Structures are given as structure tokens and as C-alpha cells.
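S.K.: Pasting a structure here, questions to come.
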Amino acid sequence: MPVYKHNTVLEIARGVKAFLRLEAGLTRGTGSADSRDRLGKDPLNLPGNGIAGQPKSIKVAIRNLQREVKVAAEAAEESAKSFRALEGEKGLKVNLGCGEDVRTGWVNIDLTSTLPPWTPSDATFVNHDLRRGLPLEAGSCGFVYSSHFFEHLEYEEGLKLMHDCYKALSLGGVFRIVLPNLTDWFDAYLRGEKEYFDLLDAILPELGTKTLIDYINFGVYQFGQHKYIYDEEKLESVLQRIGYSSVSPSSYQEGLDLDVPLRRRYSFYMEAVK
């Protein structure tokens, strides 16, 4: 069994097992002392902990957790080596939560088990869980970029990461963030402007009962993937409090931001200078 360095994920796994053990005890008895001891020693042996009798939604959640624990465990050791290799570097350009947008000349960071086949062979990619922070040296970065990533973090996780970005930037360095523009979404909803949402029709399933509120639900929750939503006022307030010398709204920049119709219509842009 690998050594799990991501304590938070491991504790979640143990919590799920504790819940299942309690639920199983309430419905089928508490089990033998031997089985309880075995479960306690192996907190990731979830299938042996009553999963077979759980509802489908619980099974899906547990399997997703198993995959996340596996990916996080493999990434922890790998990312530590990658960050050590960057020690002493200056003027780094960092692409946080890059997804499939892996760029040459940048330090691209995301948590994934596979990269897309079109990833440039000379691109630098660090397989790292950014919920754990950004362990780059202070003053090592000239530019930090993030597009549609921070909304996937809990507020406290995002706040810590923004502080880490500030620390990693050199004086005069730029932190550029692109996020969903929910202000315009709500405005279009209140005006009854269905045409504003037409680019989303290829994404949202046709339920036969689709109304404007379905677009709003997608923008806010995105099938449960979104954890915290920012607007320009909130983001500006957070960045100013962190200590950036200037924070200002921006707009799409060719060659820097993704030239994708969905992103260009439904995003807002913000830049902060240290």
C-alpha cells in the first residue's frame, strides 16, 4: 500500500469507511472484532466495508473517492520532484489548473492521471493537487495565470492558493484570473434573453422542460463541479486584501486567453500586480 501524503484525502476516506461501518452496524450488526480491526488498518479497502449494499449514489461517490486518492497519492511524490527541479529559477510563467491547455514555455500545473495526446513534448507539466497550495519559491514567478479554475475550489482553498501566488510572484509580477461571468448570466436571465445562452445548448441535455433557470443552474453548479462563485467585486476585494498594489478588470487578450466562443462570452478577466 502506498504512503499517502495527502492527509486530507486520507481522512475523508477514513470518514467514509466510518460512516459505512456505522450504517452497516445499524442494519446488520457491528461485525466481528477481527473484521473491525482489519478495516481500521486498511482505510482504503472500501469495497470490504459494506459498499455492496449501499445505494448507487454512495457507490459512485466512493469509487470517485478511490480514484482521487489513487491519483493524489501518485501525484504527491511526482510533484515534489518537479518542484525541486524548479528551485533557483526566476521569471517563471505558471498556468494554474491548466486542464488540456498545456503551454510550451510555461509551468503547467494540474492534477490528472493522463495528458491529452496533443500536449507539446517540450512542455513542462507538474501533476499536483493545487488544493495543497503552490510550493514555488518566493519571488520565482513573473506571471501567474488561471482560467476557469478557482471556481472549482472551496473558498478557503482558493484563498490560500491566491496567497501562495502572491508569495511566488516577484515585485511587479502579474496574476491574471479568468472566471465565469455570472453577473451577465443573471442579467440575461432577468431580461428573459434566451439567445445569450445559446452556446450552452450543446452542453446541456434537452430535458423536454428546459427553461432559463437550467442555464443558471449550470453556470452556478456545473453538475456539482463548482464550489465557489466570484464576481468582479468579490475577486477585487480579495486580491486587494492579500496585498496586490493594483487590481483592475481586464478583457480578452489574444495569444494569452483561450480563443473559444464559450470562454469569450461567459468569462470576466482580472489582473493584479504585486
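Chain labels follow the order of the C-alpha cells: the first chain is A, the next B, and so on; residue numbering restarts at 1 in every chain, and ligands are counted from 1 in their shown order.
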Just the residues within 10 Å of Thr183 in chain A, please, counting only C-alpha atoms, with nothing from its chain fewer than 2 positions along; format it as a PyMOL selection string.

M.R.: chain A and resi 180-181+185-189+230-232+266-268

S.K.: Could those residues be written to a file, using C-alpha atoms, as a PDB file, in the first residue's frame?

M.R.:
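Now in selection-v6.pdb:
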ATOM      1  CA  PRO A 180     -17.265  32.633 -15.157  1.00  0.00           C
ATOM      2  CA  ASN A 181     -19.137  35.915 -15.548  1.00  0.00           C
ATOM      3  CA  TRP A 185     -25.778  35.333 -16.720  1.00  0.00           C
ATOM      4  CA  PHE A 186     -28.148  36.683 -14.085  1.00  0.00           C
ATOM      5  CA  ASP A 187     -28.765  39.866 -16.090  1.00  0.00           C
ATOM      6  CA  ALA A 188     -29.699  37.817 -19.160  1.00  0.00           C
ATOM      7  CA  TYR A 189     -31.940  35.603 -17.038  1.00  0.00           C
ATOM      8  CA  TYR A 230     -16.828  35.004  -7.648  1.00  0.00           C
ATOM      9  CA  ASP A 231     -17.859  38.238  -9.267  1.00  0.00           C
ATOM     10  CA  GLU A 232     -15.571  41.165 -10.108  1.00  0.00           C
ATOM     11  CA  TYR A 266     -19.153  33.786 -20.487  1.00  0.00           C
ATOM     12  CA  SER A 267     -15.969  34.999 -18.752  1.00  0.00           C
ATOM     13  CA  PHE A 268     -14.641  38.006 -16.898  1.00  0.00           C
TER      14      PHE A 268
END

S.K.: What's around range 80-85 of chain A at 8 Å? Count only C-alpha atoms, leave out sequence neighbours fewer than 4 positions away in its own chain, and write the answer as a list in words.

M.R.: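 Near range 80-85 of chain A, the qualifying residues are Ala76, Val126, Pro135 and Leu136 of chain A.
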
S.K.: If you run DSSP on the backbone, which residues of range 83-170 of chain A are strand (DSSP E or B), as a ChimeraX atom specification?

M.R.: /A:92-96,107-110,124-127,141-147,169-170

S.K.: Give me a file of those residues, with N, CA and C atoms, as a CSV table (one decimal), in the first residue's frame.

M.R.:
chain,number,residue,atom,x,y,z
A,92,LEU,N,9.4,32.7,-13.8
A,92,LEU,CA,8.6,31.6,-14.3
A,92,LEU,C,7.2,32.1,-14.7
A,93,LYS,N,6.7,31.5,-15.7
A,93,LYS,CA,5.3,31.8,-16.1
A,93,LYS,C,4.5,30.5,-15.7
A,94,VAL,N,3.5,30.6,-14.9
A,94,VAL,CA,2.8,29.5,-14.3
A,94,VAL,C,1.3,29.5,-14.8
A,95,ASN,N,0.9,28.3,-15.2
A,95,ASN,CA,-0.5,28.1,-15.7
A,95,ASN,C,-1.2,27.2,-14.7
A,96,LEU,N,-2.0,27.8,-13.8
A,96,LEU,CA,-2.7,27.0,-12.7
A,96,LEU,C,-3.9,26.3,-13.3
A,107,VAL,N,5.1,26.8,-16.8
A,107,VAL,CA,5.0,25.7,-15.8
A,107,VAL,C,3.5,25.4,-15.7
A,108,ASN,N,3.0,24.3,-16.3
A,108,ASN,CA,1.6,24.0,-16.3
A,108,ASN,C,1.3,23.0,-15.1
A,109,ILE,N,0.3,23.4,-14.3
A,109,ILE,CA,0.1,22.6,-13.1
A,109,ILE,C,-1.4,22.2,-13.1
A,110,ASP,N,-1.6,20.9,-12.9
A,110,ASP,CA,-3.0,20.4,-12.7
A,110,ASP,C,-2.9,19.0,-12.1
A,124,THR,N,6.5,21.9,-19.9
A,124,THR,CA,6.7,21.5,-18.5
A,124,THR,C,5.3,21.3,-17.8
A,125,PHE,N,5.1,20.1,-17.3
A,125,PHE,CA,3.8,19.8,-16.6
A,125,PHE,C,4.1,19.2,-15.3
A,126,VAL,N,3.4,19.8,-14.3
A,126,VAL,CA,3.6,19.3,-12.9
A,126,VAL,C,2.2,18.7,-12.5
A,127,ASN,N,2.2,17.4,-12.2
A,127,ASN,CA,1.0,16.8,-11.7
A,127,ASN,C,0.9,17.0,-10.2
A,141,CYS,N,8.3,33.8,-9.7
A,141,CYS,CA,7.4,33.9,-10.9
A,141,CYS,C,7.3,35.3,-11.3
A,142,GLY,N,7.2,35.5,-12.7
A,142,GLY,CA,6.9,36.8,-13.2
A,142,GLY,C,5.4,36.9,-13.6
A,143,PHE,N,4.8,35.8,-13.9
A,143,PHE,CA,3.4,35.8,-14.4
A,143,PHE,C,2.7,34.5,-13.9
A,144,VAL,N,1.5,34.7,-13.3
A,144,VAL,CA,0.7,33.5,-12.9
A,144,VAL,C,-0.7,33.7,-13.5
A,145,TYR,N,-1.1,32.6,-14.2
A,145,TYR,CA,-2.3,32.7,-15.0
A,145,TYR,C,-3.3,31.5,-14.6
A,146,SER,N,-4.5,31.8,-14.5
A,146,SER,CA,-5.5,30.8,-14.2
A,146,SER,C,-6.8,31.1,-15.0
A,147,SER,N,-7.3,30.1,-15.7
A,147,SER,CA,-8.6,30.3,-16.4
A,147,SER,C,-9.6,29.2,-16.0
A,169,LEU,N,5.2,35.4,-6.7
A,169,LEU,CA,5.4,36.4,-7.7
A,169,LEU,C,6.5,37.3,-7.2
A,170,SER,N,7.3,37.8,-8.2
A,170,SER,CA,8.3,38.8,-7.9
A,170,SER,C,7.6,40.2,-7.9

S.K.: Just to confirm, what's the straight-line distance from CA of Leu153 in chain A to CA of Arg131 in chain A in Å (one decimal)?

M.R.: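 Taking CA of Leu153 in chain A as the start and CA of Arg131 in chain A as the end point, the length is 7.3 Å.
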
S.K.: Got a sec: who's within 6 Å of range 73-75 of chain A, counting only C-alpha atoms, leaving out chain neighbours fewer than 4 positions off, as a list in words?

M.R.: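 That gives Tyr4, Val69, Ser79, Asn127 and His128 of chain A.
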
S.K.: Using only C-alpha atoms, which residue out of A:Leu190, A:Val220, A:Ala202, A:Leu239 lies closest to Cys165 in chain A?

M.R.: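 Of all the options, A:Leu239 lies closest to Cys165 in chain A.
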
S.K.: Quick one: everything within 9 Å of range 114-117 of chain A, counting only C-alpha atoms, minus sequence neighbours fewer than 6 positions away in the same chain. Send it as a PyMOL selection string.

M.R.: chain A and resi 99-100+102

S.K.: Go through A:Val247, A:Ala61, A:Leu204, A:Leu258 and flag the residue nearest Val178 in chain A, using only C-alpha atoms for the distances.

M.R.: A:Leu258

S.K.: From a DSSP pass on the backbone, collect the residues of range 105-160 of chain A flagged as helix (DSSP H, G or I) and hand them back as JSON, numbers by chain.

M.R.: {"A": [130, 131, 132, 150, 151, 152, 155, 156, 157, 158, 159, 160]}

S.K.: For the residues in the current selection, export N, CA and C atoms as a compact mmCIF listing (two decimals), in the first residue's frame.

M.R.:
# COMPACT_ATOMS: atom_id res chain seq x y z
N LEU A 130 -3.53 21.32 -6.45
CA LEU A 130 -3.39 22.72 -6.04
C LEU A 130 -4.19 23.06 -4.79
N ARG A 131 -5.05 22.16 -4.34
CA ARG A 131 -5.71 22.37 -3.05
C ARG A 131 -4.69 22.32 -1.92
N ARG A 132 -3.53 21.77 -2.18
CA ARG A 132 -2.45 21.71 -1.20
C ARG A 132 -1.57 22.96 -1.25
N PHE A 150 -10.46 28.55 -10.32
CA PHE A 150 -10.70 28.86 -8.91
C PHE A 150 -12.14 28.58 -8.49
N GLU A 151 -13.09 28.59 -9.40
CA GLU A 151 -14.46 28.27 -9.02
C GLU A 151 -14.63 26.79 -8.67
N HIS A 152 -13.63 25.98 -8.98
CA HIS A 152 -13.66 24.55 -8.64
C HIS A 152 -13.05 24.27 -7.27
N TYR A 155 -13.82 27.98 -0.99
CA TYR A 155 -13.35 29.35 -0.80
C TYR A 155 -12.02 29.40 -0.06
N GLU A 156 -11.89 28.66 1.04
CA GLU A 156 -10.66 28.69 1.83
C GLU A 156 -9.48 28.14 1.03
N GLU A 157 -9.72 27.11 0.21
CA GLU A 157 -8.66 26.57 -0.64
C GLU A 157 -8.20 27.60 -1.66
N GLY A 158 -9.17 28.28 -2.28
CA GLY A 158 -8.84 29.30 -3.26
C GLY A 158 -8.10 30.47 -2.65
N LEU A 159 -8.52 30.88 -1.45
CA LEU A 159 -7.88 32.00 -0.77
C LEU A 159 -6.42 31.67 -0.45
N LYS A 160 -6.18 30.47 0.06
CA LYS A 160 -4.81 30.06 0.36
C LYS A 160 -3.96 30.04 -0.90

S.K.: At what distance in Å, to one decimal, does CA of Phe175 in chain A lie from CA of Trp118 in chain A?

M.R.: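 CA of Phe175 in chain A lies 26.6 Å from CA of Trp118 in chain A.
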
S.K.: Please, what distance in Å, to one decimal, runs between CA of Lys274 in chain A and CA of Ala168 in chain A?

M.R.: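 Atom-to-atom, CA of Lys274 in chain A to CA of Ala168 in chain A, that is 10.1 Å.
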
S.K.: Using only C-alpha atoms for the distances, tell me which of A:Thr112, A:Lys227, A:Tyr252, A:Lys56 is nearest to Lys70 in chain A.

M.R.: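 Closest to Lys70 in chain A, using only C-alpha atoms: A:Thr112.
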
S.K.: Quick one: everything within 6 Å of Ser140 in chain A, counting only C-alpha atoms, minus sequence neighbours fewer than 3 positions away in the same chain. Send it as an mmCIF file with C-alpha atoms, in the first residue's frame.

M.R.:
data_model
loop_
_atom_site.group_PDB
_atom_site.id
_atom_site.type_symbol
_atom_site.label_atom_id
_atom_site.label_comp_id
_atom_site.auth_asym_id
_atom_site.auth_seq_id
_atom_site.Cartn_x
_atom_site.Cartn_y
_atom_site.Cartn_z
ATOM 1 C CA LYS A 90 13.330 33.098 -11.830
ATOM 2 C CA GLY A 91 10.728 34.747 -14.068
ATOM 3 C CA GLU A 137 9.934 29.686 -4.131
ATOM 4 C CA ALA A 168 5.614 33.279 -5.531
#

S.K.: Choose the residue, out of A:Asp257, A:Asp129, A:Asp164, A:Glu77, that has the smallest atom-to-atom separation from Leu179 in chain A; count only C-alpha atoms.

M.R.: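 Looking only at the distances to Leu179 in chain A, the closest residue turns out to be A:Asp257.
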
S.K.: I'd like to know which of A:Leu256, A:Lys210, A:Glu193, A:Ile177 is closest to Leu235 in chain A, using only C-alpha atoms.

M.R.: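 Among the listed residues, the smallest separation from Leu235 in chain A belongs to A:Ile177.
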
S.K.: With distances taken over only C-alpha atoms, which of A:Glu271, A:Asp101, A:Glu87, A:Glu68 is nearest to Gly172 in chain A?

M.R.: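 Smallest distance to Gly172 in chain A is found for A:Glu271.
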